[in-house]
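*Asks:* I have a structure here, written as structure tokens, and I will follow up with some questions on it.
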Protein chains: 2
Amino acid sequence: MRYAVILAGGSGTRLWPASRKARPKQFIELGGRSLIGAAIDRGAKIADGGVTIVTAESQVAATDGAIAGLANRPRVIAEPAGRNTAAAIGLAAATLLRIDAEATLVVLPADQRISDEAGFERVANIAFEAVEQTGAIGTLGIVPTRAETGFGYLEVAEAKPGVATPVLRFVEKPDQATAEAYVKGGKHLWNAGIFFASAKRLLEELERQLPAVWNGVTEIAAGLASAEAVYPALPSVSIDKGVMEKARNVITVPAAIGWDDVGSWEAFAKLAAEIQPPDARGNVGLGVPPPLSLAGERNFAMSDDDTLIVTYGVSDLVIVKRGNAVFVVPRKDAQQVRDVVEALEQRGLAKYL
Amino acid sequence: MRYAVILAGGSGTRLWPASRKARPKQFIELGGRSLIGAAIDRGAKIADGGVTIVTAESQVAATDGAIAGLANRPRVIAEPAGRNTAAAIGLAAATLLRIDAEATLVVLPADQRISDEAGFERVANIAFEAVEQTGAIGTLGIVPTRAETGFGYLEVAEAKPGVATPVLRFVEKPDQATAEAYVKGGKHLWNAGIFFASAKRLLEELERQLPAVWNGVTEIAAGLASAEAVYPALPSVSIDKGVMEKARNVITVPAAIGWDDVGSWEAFAKLAAEIQPPDARGNVGLGVPPPLSLAGERNFAMSDDDTLIVTYGVSDLVIVKRGNAVFVVPRKDAQQVRDVVEALEQRGLAKYL
């Protein structure tokens with residue numbers, strides 16, 4: 001059967017203050033649905049074996065809240081400590097392999113946005129079939145829509161949407177000129193972190209490439225050791241670096257499905273404009289009551305808790321009120337939230353992160 | 001004896017969202033003390049007969065909160081409806097005259113800031129003595145520190161701080177050029193709305209100039225009619241227009257005492273900088289935790305309720321979080337809060353006012 005594994009272990013603060021250490025990006029709502037909720041729906045539609053969520057122990061409560069009321073309740077695997085994606089996927093694969101020796105997995109990050117969910121379903125089914133028939137490891141290769149320097153790329157001979165093709169090379173995050181060449185060249189796709197493979201194949205690759213991870217996760221899944229004792233000591237390696245880049249027979253299905261990893265407030269503001277039509281001056285507001293931008297243009301404002309945000313005479317700003325924090329930043333500087341996080345830590349304000 | 005009458009009937013929204021309809025400007029804290037709290041202290045120091053607060057019935061609860069715990073509890077007179085300053089002062093004068101036939105009053109607006117309280121005490125005592133000795137109506141004439149077009153002015157022959165001098169003329173709010181000429185000329189003083197007079201003299205002027213007001217307030221004070229029945233029907237006239245401009249024998253004591261009426265966020269931000277030293281880039285923040293301005297200059301931010309405000313890469317903004325509202329406006333546009341209030345009313349968001 002097919003199983004969806006949702007990776008919900010992140011603790012990013014790139015969308016601070018909406019994303020917090022105790023409540024990271026996947027819990028942010030966009031269009032009335034949290035990103036993790038949308039990922040669960042996405043997984044459930046393509047996986048007859050159901051959804052498994054791998055998350056940090058500290059986020060189990062929030063995750064339980066996100067899955068409460070679902071007819072087919074996902075399994076939740078709690079990581080005692082974050083050990084990166086190779087260990088998380090390995091633990092899920094080892095667990096599911098004991099349930100179903102023929103399990104095929106799709107791995108979905110919990111904090112992404114896909115605007116064309118029907119399109120996703122189509123390419124996901126193509127990828128599932130390809131890996132089931134060939135024993136390959138599959139990925140989705142997102143057709144780039146901009147010269148993005150924040151993603152890794154997959155190099156292919158031909159990028160035809162919906163047609164599985166071998167991955168020639170995994171490419172690290174490029175510089176601006178290289179990214180521009182990639183977009184023009186048409187042979188590079190964004191690595192979305194979405195993977196397809198049989199549990200067996202994944203574990204074989206782990207055994208070969210990351211034996212310590214393989215050993216730990218199979219012991220935990222077999223009940224021979226507790227996760228608390230073993231998992232925190234596993235090597236922290238990403239699935240890309242640790243497995244994919246050196247795996248044989250990796251394919252990708254090029255996909256143009258409105259994918260984004262919502263990695264910055266600027267990205268979030270653009271997505272919000274798809275859901276909440278901007279006013280006549282390009283201002284977008286999310287919240288109840290909706291934020292109000294007077295005498296200004298292209299602001300993005302978001303509030304929670306019945307708080308009204310009003311701006312007058314400012315333009316091109318992001319203004320976010322969430323819980324006990326308010327953040328104001330020009331859209332062009334939205335990436336600088338890293339500096340903000342650092343400043344809060346230095347000033348003893350980490351409790352606001 | 002000397003009595004302080006504090007006018008706390010306002011419902012201004014110029015400092016929205018810190019000032020609300022149900023909790024207007026006088027309740028805003030500056031330096032750990034509300035403006036009305038500071039006005040009560042100010043009155044108590046110069047008035048051996050104690051302090052009387054005239055306020056709207058809807059604000060009695062908030063006012064009681066502000067005076068709770070004071071050793072000498074002020075009298076509170078509740079207005080069933082706002083009828084402007086002539087009626088409010090008349091009601092206080094009529095009430096106090098029944099307690100003390102020789103009562104002399106100082107009338108103090110509740111929502112002003114005076115940075116030199118000792119200086120105020122000196123000029124107030126000079127004004128009290130002048131009106132007690134001559135039977136005049138006295139005012140404080142603030143030595144202008146800028147070409148302000150938002151205040152009325154008092155014209156005098158010579159403006160010597162601390163020396164009582166006749167008021168030649170009350171002047172309406174001037175245009176910019178006139179205001180500049182006033183500051184240079186040295187014969188014009190700001191009308192701060194602070195008045196001194198015996199209760200008897202005030203009521204005689206009311207009887208002569210505003211007989212309907214005089215009749216109403218004396219009936220109420222004598223218990224011949226209820227405030228609810230009479231007060232709302234009184235003419236709504238300011239003490240300046242209705243009494244002062246046509247009164248004989250009006251004097252003023254020129255005063256340089258750091259007075260401001262805190263009529264805008266820009267004015268508030270300047271005062272805040274006196275209390276909370278700006279950071280190296282001129283940013284001022286009030287709140288616990290203090291607001292944090294990164295990579296920006298001359299911002300003023302204020303928060304309540306343990307909410308942290310963080311800005312990055314913006315300058316010259318006012319950012320205020322108070323209760324269920326957040327307001328962002330350039331300091332230069334801070335006067336435009338009127339447009340904001342109007343917009344909120346038009347959009348059915350009056351509950352945020």
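Ordering of the structure tokens sets the chain letters (A, B, ...), residue numbers begin anew at 1 in every chain, and ligands are numbered from 1 in the order given.
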Could you give me, as a PyMOL selection string, the residues within 8 Å of A:Thr55, counting only C-alpha atoms and dropping anything in the same chain fewer than 6 positions from it?

*Replies:* chain A and resi 7-10+63+76-79

*Asks:* Generate the output file for the selected residues, N, CA and C atoms, as a PDB file, in the first residue's frame.

*Replies:*
ATOM      1  N   LEU A   7       6.692  15.161   7.282  1.00  0.00           N
ATOM      2  CA  LEU A   7       7.803  15.620   8.126  1.00  0.00           C
ATOM      3  C   LEU A   7       7.410  16.934   8.781  1.00  0.00           C
ATOM      4  N   ALA A   8       7.194  16.882  10.089  1.00  0.00           N
ATOM      5  CA  ALA A   8       6.732  18.066  10.816  1.00  0.00           C
ATOM      6  C   ALA A   8       7.652  18.345  11.989  1.00  0.00           C
ATOM      7  N   GLY A   9       8.941  18.225  11.744  1.00  0.00           N
ATOM      8  CA  GLY A   9       9.886  18.370  12.845  1.00  0.00           C
ATOM      9  C   GLY A   9      10.558  19.726  12.904  1.00  0.00           C
ATOM     10  N   GLY A  10      10.226  20.600  11.981  1.00  0.00           N
ATOM     11  CA  GLY A  10      10.940  21.871  11.869  1.00  0.00           C
ATOM     12  C   GLY A  10      10.717  22.783  13.057  1.00  0.00           C
ATOM     13  N   THR A  63       0.336  19.175  17.285  1.00  0.00           N
ATOM     14  CA  THR A  63       0.004  18.306  16.155  1.00  0.00           C
ATOM     15  C   THR A  63      -1.314  17.577  16.413  1.00  0.00           C
ATOM     16  N   VAL A  76       1.104   9.236  14.716  1.00  0.00           N
ATOM     17  CA  VAL A  76       2.073  10.274  15.064  1.00  0.00           C
ATOM     18  C   VAL A  76       3.299   9.609  15.669  1.00  0.00           C
ATOM     19  N   ILE A  77       4.457   9.850  15.078  1.00  0.00           N
ATOM     20  CA  ILE A  77       5.722   9.355  15.623  1.00  0.00           C
ATOM     21  C   ILE A  77       6.447  10.554  16.223  1.00  0.00           C
ATOM     22  N   ALA A  78       6.777  10.459  17.509  1.00  0.00           N
ATOM     23  CA  ALA A  78       7.428  11.582  18.191  1.00  0.00           C
ATOM     24  C   ALA A  78       8.933  11.374  18.224  1.00  0.00           C
ATOM     25  N   GLU A  79       9.667  12.378  17.772  1.00  0.00           N
ATOM     26  CA  GLU A  79      11.126  12.329  17.881  1.00  0.00           C
ATOM     27  C   GLU A  79      11.545  12.933  19.213  1.00  0.00           C
TER      28      GLU A  79
END

*Asks:* Pick out the chain B residues within 6 Å of chain A. Count only C-alpha atoms. Give them as number ranges by chain.

*Replies:* B: 307-312, 324-329

*Asks:* Can you tell me which residues surround A:Ala38 at a distance of at most 12 Å, considering only C-alpha atoms, apart from same-chain residues fewer than 2 positions away, and format the answer as a short mmCIF file (atom, residue, chain, number, x, y, z; two decimals) with all heavy atoms, in the first residue's frame?

*Replies:*
data_model
loop_
_atom_site.label_atom_id
_atom_site.label_comp_id
_atom_site.auth_asym_id
_atom_site.auth_seq_id
_atom_site.Cartn_x
_atom_site.Cartn_y
_atom_site.Cartn_z
N ILE A 6 4.57 12.56 6.75
CA ILE A 6 4.64 14.02 6.81
C ILE A 6 5.73 14.42 7.78
O ILE A 6 5.71 14.02 8.95
CB ILE A 6 3.29 14.60 7.24
CG1 ILE A 6 2.25 14.11 6.22
CG2 ILE A 6 3.36 16.12 7.38
CD1 ILE A 6 1.12 14.99 5.95
N GLN A 26 4.39 25.14 10.14
CA GLN A 26 3.32 24.30 9.60
C GLN A 26 1.96 24.58 10.23
O GLN A 26 0.95 24.20 9.68
CB GLN A 26 3.65 22.80 9.74
CG GLN A 26 3.83 22.30 11.17
CD GLN A 26 5.28 22.24 11.56
OE1 GLN A 26 6.11 23.01 11.06
NE2 GLN A 26 5.64 21.35 12.46
N PHE A 27 1.95 25.28 11.39
CA PHE A 27 0.67 25.56 12.03
C PHE A 27 0.06 26.88 11.57
O PHE A 27 -1.05 27.24 11.96
CB PHE A 27 0.83 25.54 13.55
CG PHE A 27 1.25 24.19 14.07
CD1 PHE A 27 2.55 23.95 14.47
CD2 PHE A 27 0.34 23.14 14.10
CE1 PHE A 27 2.93 22.70 14.92
CE2 PHE A 27 0.72 21.88 14.54
CZ PHE A 27 2.03 21.65 14.95
N ILE A 28 0.79 27.64 10.78
CA ILE A 28 0.24 28.90 10.26
C ILE A 28 -0.91 28.60 9.33
O ILE A 28 -0.85 27.69 8.51
CB ILE A 28 1.33 29.69 9.52
CG1 ILE A 28 2.45 30.06 10.49
CG2 ILE A 28 0.75 30.95 8.88
CD1 ILE A 28 3.56 30.85 9.84
N GLU A 29 -1.96 29.37 9.47
CA GLU A 29 -3.13 29.18 8.60
C GLU A 29 -3.04 30.07 7.38
O GLU A 29 -2.62 31.22 7.45
CB GLU A 29 -4.41 29.48 9.37
CG GLU A 29 -4.69 28.42 10.41
CD GLU A 29 -6.15 28.42 10.85
OE1 GLU A 29 -6.92 29.29 10.40
OE2 GLU A 29 -6.50 27.53 11.63
N LEU A 30 -3.46 29.52 6.28
CA LEU A 30 -3.52 30.26 5.02
C LEU A 30 -4.81 29.81 4.36
O LEU A 30 -4.97 28.62 4.05
CB LEU A 30 -2.29 29.89 4.18
CG LEU A 30 -1.91 30.77 3.00
CD1 LEU A 30 -1.69 32.21 3.41
CD2 LEU A 30 -0.65 30.24 2.35
N GLY A 31 -5.74 30.73 4.22
CA GLY A 31 -7.02 30.36 3.63
C GLY A 31 -7.83 29.42 4.49
O GLY A 31 -8.50 28.51 4.00
N GLY A 32 -7.79 29.64 5.82
CA GLY A 32 -8.65 28.87 6.71
C GLY A 32 -8.14 27.48 7.05
O GLY A 32 -8.81 26.72 7.74
N ARG A 33 -6.94 27.10 6.57
CA ARG A 33 -6.41 25.76 6.80
C ARG A 33 -4.94 25.93 7.14
O ARG A 33 -4.22 26.68 6.49
CB ARG A 33 -6.55 24.97 5.49
CG ARG A 33 -6.30 23.48 5.60
CD ARG A 33 -7.62 22.74 5.82
NE ARG A 33 -7.42 21.29 5.89
CZ ARG A 33 -7.21 20.65 7.04
NH1 ARG A 33 -7.13 21.30 8.17
NH2 ARG A 33 -7.07 19.34 7.04
N SER A 34 -4.47 25.21 8.15
CA SER A 34 -3.05 25.27 8.47
C SER A 34 -2.28 24.56 7.38
O SER A 34 -2.81 23.69 6.67
CB SER A 34 -2.77 24.61 9.83
OG SER A 34 -3.03 23.23 9.75
N LEU A 35 -1.01 24.90 7.23
CA LEU A 35 -0.17 24.23 6.24
C LEU A 35 -0.10 22.73 6.53
O LEU A 35 -0.18 21.91 5.61
CB LEU A 35 1.23 24.85 6.21
CG LEU A 35 1.31 26.30 5.71
CD1 LEU A 35 2.72 26.86 5.92
CD2 LEU A 35 0.92 26.41 4.25
N ILE A 36 0.02 22.36 7.80
CA ILE A 36 0.10 20.92 8.11
C ILE A 36 -1.24 20.23 7.82
O ILE A 36 -1.27 19.09 7.33
CB ILE A 36 0.56 20.65 9.57
CG1 ILE A 36 0.87 19.17 9.76
CG2 ILE A 36 -0.46 21.12 10.60
CD1 ILE A 36 1.52 18.82 11.10
N ILE A 40 -1.68 17.06 5.36
CA ILE A 40 -2.36 15.81 5.74
C ILE A 40 -3.41 15.45 4.70
O ILE A 40 -3.49 14.30 4.24
CB ILE A 40 -2.98 15.95 7.16
CG1 ILE A 40 -1.87 16.06 8.21
CG2 ILE A 40 -3.90 14.77 7.46
CD1 ILE A 40 -2.34 16.50 9.58
N ASP A 41 -4.22 16.43 4.30
CA ASP A 41 -5.22 16.19 3.25
C ASP A 41 -4.55 15.67 1.98
O ASP A 41 -5.02 14.73 1.33
CB ASP A 41 -5.94 17.50 2.88
CG ASP A 41 -6.84 17.99 4.00
OD1 ASP A 41 -7.02 17.25 4.98
OD2 ASP A 41 -7.33 19.13 3.88
N ARG A 42 -3.46 16.32 1.61
CA ARG A 42 -2.70 15.99 0.41
C ARG A 42 -2.22 14.54 0.48
O ARG A 42 -2.37 13.78 -0.49
CB ARG A 42 -1.50 16.95 0.38
CG ARG A 42 -0.74 17.05 -0.90
CD ARG A 42 0.32 18.16 -0.75
NE ARG A 42 -0.31 19.44 -0.52
CZ ARG A 42 0.19 20.42 0.24
NH1 ARG A 42 1.36 20.26 0.86
NH2 ARG A 42 -0.46 21.54 0.39
N GLY A 43 -1.66 14.17 1.62
CA GLY A 43 -1.17 12.81 1.79
C GLY A 43 -2.30 11.79 1.78
O GLY A 43 -2.21 10.74 1.12
N ALA A 44 -3.40 12.13 2.47
CA ALA A 44 -4.50 11.17 2.60
C ALA A 44 -5.10 10.83 1.24
O ALA A 44 -5.54 9.70 1.00
CB ALA A 44 -5.57 11.74 3.54
N LYS A 45 -5.10 11.83 0.34
CA LYS A 45 -5.72 11.61 -0.98
C LYS A 45 -4.95 10.63 -1.84
O LYS A 45 -5.52 10.00 -2.73
CB LYS A 45 -5.79 12.95 -1.73
CG LYS A 45 -7.06 13.72 -1.41
CD LYS A 45 -7.24 14.84 -2.41
CE LYS A 45 -8.30 15.80 -1.90
NZ LYS A 45 -8.01 17.17 -2.28
N ALA A 66 -4.02 19.71 15.54
CA ALA A 66 -4.24 19.86 14.10
C ALA A 66 -4.95 18.67 13.48
O ALA A 66 -5.60 18.80 12.45
CB ALA A 66 -2.89 20.10 13.39
N ILE A 67 -4.83 17.49 14.11
CA ILE A 67 -5.44 16.30 13.51
C ILE A 67 -6.73 15.90 14.20
O ILE A 67 -7.41 14.97 13.78
CB ILE A 67 -4.46 15.11 13.49
CG1 ILE A 67 -4.11 14.63 14.91
CG2 ILE A 67 -3.20 15.44 12.71
CD1 ILE A 67 -3.12 13.46 14.93
N LEU A 108 6.34 14.02 2.61
CA LEU A 108 5.85 15.38 2.35
C LEU A 108 6.24 16.30 3.50
O LEU A 108 5.84 16.06 4.64
CB LEU A 108 4.32 15.36 2.25
CG LEU A 108 3.68 14.52 1.17
CD1 LEU A 108 2.18 14.38 1.42
CD2 LEU A 108 3.92 15.17 -0.20
N PRO A 109 6.98 17.37 3.25
CA PRO A 109 7.18 18.36 4.31
C PRO A 109 5.85 18.97 4.73
O PRO A 109 4.95 19.16 3.90
CB PRO A 109 8.09 19.41 3.64
CG PRO A 109 8.80 18.63 2.56
CD PRO A 109 7.76 17.66 2.05
N ALA A 110 5.72 19.26 6.01
CA ALA A 110 4.43 19.71 6.56
C ALA A 110 4.16 21.18 6.31
O ALA A 110 3.05 21.64 6.51
CB ALA A 110 4.42 19.47 8.07
N ASP A 111 5.18 21.92 5.85
CA ASP A 111 5.05 23.38 5.88
C ASP A 111 5.13 24.00 4.49
O ASP A 111 5.66 25.08 4.31
CB ASP A 111 6.10 23.99 6.81
CG ASP A 111 7.52 23.61 6.40
OD1 ASP A 111 7.68 22.83 5.44
OD2 ASP A 111 8.46 24.11 7.03
N GLN A 112 4.61 23.29 3.50
CA GLN A 112 4.64 23.82 2.14
C GLN A 112 3.24 24.17 1.68
O GLN A 112 2.24 23.70 2.23
CB GLN A 112 5.26 22.80 1.19
CG GLN A 112 6.67 22.41 1.60
CD GLN A 112 7.30 21.40 0.66
OE1 GLN A 112 6.61 20.67 -0.05
NE2 GLN A 112 8.63 21.37 0.66
N ARG A 113 3.19 24.95 0.65
CA ARG A 113 1.91 25.33 0.06
C ARG A 113 1.90 24.84 -1.38
O ARG A 113 2.89 24.97 -2.11
CB ARG A 113 1.79 26.85 0.09
CG ARG A 113 0.88 27.44 -0.94
CD ARG A 113 -0.51 27.64 -0.42
NE ARG A 113 -1.33 28.24 -1.47
CZ ARG A 113 -2.63 28.18 -1.50
NH1 ARG A 113 -3.29 27.56 -0.54
NH2 ARG A 113 -3.31 28.74 -2.48
N ILE A 114 0.79 24.22 -1.79
CA ILE A 114 0.60 23.82 -3.19
C ILE A 114 -0.76 24.36 -3.61
O ILE A 114 -1.78 24.00 -3.01
CB ILE A 114 0.66 22.28 -3.33
CG1 ILE A 114 2.08 21.80 -3.05
CG2 ILE A 114 0.20 21.86 -4.73
CD1 ILE A 114 2.26 20.29 -3.05
N SER A 115 -0.76 25.26 -4.58
CA SER A 115 -2.06 25.87 -4.93
C SER A 115 -2.88 24.95 -5.84
O SER A 115 -4.09 24.98 -5.81
CB SER A 115 -1.85 27.24 -5.57
OG SER A 115 -1.11 27.12 -6.75
N ASP A 116 -2.20 24.12 -6.64
CA ASP A 116 -2.92 23.20 -7.54
C ASP A 116 -2.88 21.78 -6.96
O ASP A 116 -2.06 20.95 -7.35
CB ASP A 116 -2.26 23.25 -8.93
CG ASP A 116 -2.93 22.29 -9.92
OD1 ASP A 116 -3.97 21.68 -9.57
OD2 ASP A 116 -2.40 22.15 -11.04
N GLU A 117 -3.79 21.53 -6.01
CA GLU A 117 -3.76 20.24 -5.32
C GLU A 117 -4.13 19.10 -6.27
O GLU A 117 -3.61 17.98 -6.15
CB GLU A 117 -4.70 20.24 -4.10
CG GLU A 117 -4.28 21.22 -2.99
CD GLU A 117 -3.14 20.70 -2.09
OE1 GLU A 117 -2.60 19.61 -2.36
OE2 GLU A 117 -2.80 21.41 -1.12
#

*Asks:* Using only C-alpha atoms, find the one residue out of A:Ala127, A:Ala18, A:Met1, A:Ile220 that sits nearest to A:Asp100.

*Replies:*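 Looking at the shortest contact to A:Asp100, the residue is A:Met1.
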
*Asks:* Can you measure atom CA of A:Thr218 to atom CA of A:Val243 for me? One decimal in Å is fine.

*Replies:* 16.6 Å

*Asks:* Enumerate the residues of stretch 71-259 of chain B with a DSSP assignment of strand (DSSP E or B), computed from the backbone, and present them as a PyMOL selection string.

*Replies:* chain B and resi 75-79+104-109+113-114+137-142+153-155+165-166+169-171+188-198+250-255+259

*Asks:* Go ahead and save the picked residues with N, CA and C atoms, as a compact mmCIF listing (two decimals), in the first residue's frame.

*Replies:*
# COMPACT_ATOMS: atom_id res chain seq x y z
N ARG B 75 -13.44 64.67 45.01
CA ARG B 75 -14.87 64.62 44.70
C ARG B 75 -15.00 64.30 43.21
N VAL B 76 -16.03 63.56 42.84
CA VAL B 76 -16.28 63.31 41.42
C VAL B 76 -17.68 63.79 41.08
N ILE B 77 -17.77 64.69 40.11
CA ILE B 77 -19.07 65.15 39.61
C ILE B 77 -19.28 64.51 38.24
N ALA B 78 -20.39 63.76 38.08
CA ALA B 78 -20.65 63.07 36.81
C ALA B 78 -21.60 63.89 35.94
N GLU B 79 -21.18 64.12 34.71
CA GLU B 79 -22.06 64.80 33.75
C GLU B 79 -22.90 63.74 33.03
N THR B 104 -11.99 79.74 45.82
CA THR B 104 -11.29 80.15 44.60
C THR B 104 -10.89 78.87 43.86
N LEU B 105 -11.10 78.91 42.55
CA LEU B 105 -10.92 77.68 41.76
C LEU B 105 -9.72 77.80 40.82
N VAL B 106 -9.03 76.68 40.64
CA VAL B 106 -8.15 76.54 39.48
C VAL B 106 -8.76 75.42 38.63
N VAL B 107 -8.92 75.69 37.36
CA VAL B 107 -9.49 74.70 36.44
C VAL B 107 -8.35 74.09 35.63
N LEU B 108 -8.21 72.77 35.70
CA LEU B 108 -7.10 72.07 35.04
C LEU B 108 -7.64 71.00 34.11
N PRO B 109 -7.34 71.07 32.83
CA PRO B 109 -7.68 69.93 31.96
C PRO B 109 -6.94 68.67 32.44
N ARG B 113 0.23 67.52 29.82
CA ARG B 113 1.50 67.14 30.42
C ARG B 113 2.25 68.42 30.79
N ILE B 114 2.82 68.45 31.98
CA ILE B 114 3.68 69.55 32.41
C ILE B 114 4.97 68.93 32.93
N ILE B 137 -10.23 87.30 36.63
CA ILE B 137 -10.14 85.91 36.19
C ILE B 137 -8.72 85.74 35.68
N GLY B 138 -8.07 84.66 36.11
CA GLY B 138 -6.67 84.45 35.71
C GLY B 138 -6.54 83.26 34.76
N THR B 139 -5.49 83.32 34.00
CA THR B 139 -5.15 82.18 33.14
C THR B 139 -3.65 81.94 33.26
N LEU B 140 -3.22 80.77 32.82
CA LEU B 140 -1.78 80.60 32.58
C LEU B 140 -1.56 80.83 31.10
N GLY B 141 -0.55 81.63 30.77
CA GLY B 141 -0.20 81.88 29.36
C GLY B 141 1.13 81.21 29.09
N ILE B 142 1.10 80.14 28.33
CA ILE B 142 2.33 79.37 28.11
C ILE B 142 3.21 80.05 27.07
N TYR B 153 -4.37 81.68 21.30
CA TYR B 153 -3.31 82.48 21.93
C TYR B 153 -3.92 83.59 22.78
N LEU B 154 -3.16 84.06 23.75
CA LEU B 154 -3.51 85.23 24.56
C LEU B 154 -2.54 86.35 24.19
N GLU B 155 -3.10 87.52 23.86
CA GLU B 155 -2.22 88.65 23.52
C GLU B 155 -2.03 89.52 24.76
N THR B 165 -0.18 89.76 34.20
CA THR B 165 -0.33 90.89 33.27
C THR B 165 -1.71 90.79 32.62
N PRO B 166 -2.33 91.92 32.27
CA PRO B 166 -3.67 91.84 31.68
C PRO B 166 -3.66 91.15 30.32
N ARG B 169 -6.34 90.40 24.60
CA ARG B 169 -7.20 89.84 23.56
C ARG B 169 -7.02 88.32 23.54
N PHE B 170 -8.12 87.58 23.37
CA PHE B 170 -8.04 86.15 23.06
C PHE B 170 -7.97 86.00 21.55
N VAL B 171 -7.03 85.21 21.05
CA VAL B 171 -6.86 85.06 19.62
C VAL B 171 -7.15 83.62 19.22
N HIS B 188 2.54 87.04 22.53
CA HIS B 188 1.45 86.07 22.46
C HIS B 188 1.82 84.81 23.22
N LEU B 189 0.86 84.32 23.95
CA LEU B 189 1.07 83.14 24.81
C LEU B 189 0.01 82.09 24.47
N TRP B 190 0.38 80.82 24.65
CA TRP B 190 -0.61 79.76 24.40
C TRP B 190 -1.68 79.77 25.50
N ASN B 191 -2.91 79.65 25.06
CA ASN B 191 -4.01 79.48 26.00
C ASN B 191 -4.09 77.99 26.36
N ALA B 192 -3.67 77.68 27.58
CA ALA B 192 -3.56 76.28 27.99
C ALA B 192 -4.87 75.72 28.52
N GLY B 193 -5.89 76.56 28.62
CA GLY B 193 -7.16 76.08 29.18
C GLY B 193 -7.10 75.92 30.69
N ILE B 194 -6.11 76.57 31.31
CA ILE B 194 -5.97 76.55 32.78
C ILE B 194 -6.44 77.90 33.30
N PHE B 195 -7.46 77.91 34.15
CA PHE B 195 -8.08 79.16 34.60
C PHE B 195 -8.11 79.24 36.12
N PHE B 196 -8.07 80.48 36.61
CA PHE B 196 -8.18 80.74 38.05
C PHE B 196 -9.27 81.79 38.25
N ALA B 197 -10.15 81.57 39.21
CA ALA B 197 -11.16 82.59 39.53
C ALA B 197 -11.90 82.15 40.78
N SER B 198 -12.50 83.15 41.47
CA SER B 198 -13.38 82.76 42.57
C SER B 198 -14.63 82.13 41.97
N VAL B 250 -9.38 90.23 32.84
CA VAL B 250 -8.76 88.91 32.75
C VAL B 250 -7.26 89.10 32.72
N ILE B 251 -6.58 88.39 33.55
CA ILE B 251 -5.11 88.49 33.58
C ILE B 251 -4.52 87.13 33.21
N THR B 252 -3.22 87.15 32.93
CA THR B 252 -2.53 85.88 32.71
C THR B 252 -1.18 85.94 33.37
N VAL B 253 -0.70 84.76 33.76
CA VAL B 253 0.67 84.66 34.27
C VAL B 253 1.47 83.89 33.23
N PRO B 254 2.39 84.59 32.52
CA PRO B 254 3.22 83.89 31.54
C PRO B 254 4.02 82.78 32.22
N ALA B 255 4.08 81.62 31.57
CA ALA B 255 4.69 80.45 32.21
C ALA B 255 5.49 79.66 31.19
N TRP B 259 4.90 72.79 29.27
CA TRP B 259 3.49 72.38 29.10
C TRP B 259 3.25 71.84 27.70

*Asks:* Find the residues around B:Val213 up to 8 Å (only C-alpha atoms counted), leave out those fewer than 2 positions away in its own chain, and share them as a PyMOL selection string.

*Replies:* chain B and resi 86-87+90+206-207+210-211+215-217+234-235

*Asks:* Smallest atom-to-atom distance to A:Ile46: which of A:Val143, A:Ala124, A:Val237, A:Ala164, using only C-alpha atoms?

*Replies:* A:Ala124

*Asks:* As a ChimeraX atom specification, list the residues of stretch 71-171 of chain B assigned to helix (DSSP H, G or I) by DSSP on the backbone atoms of this structure.

*Replies:* /B:84-99,117-134
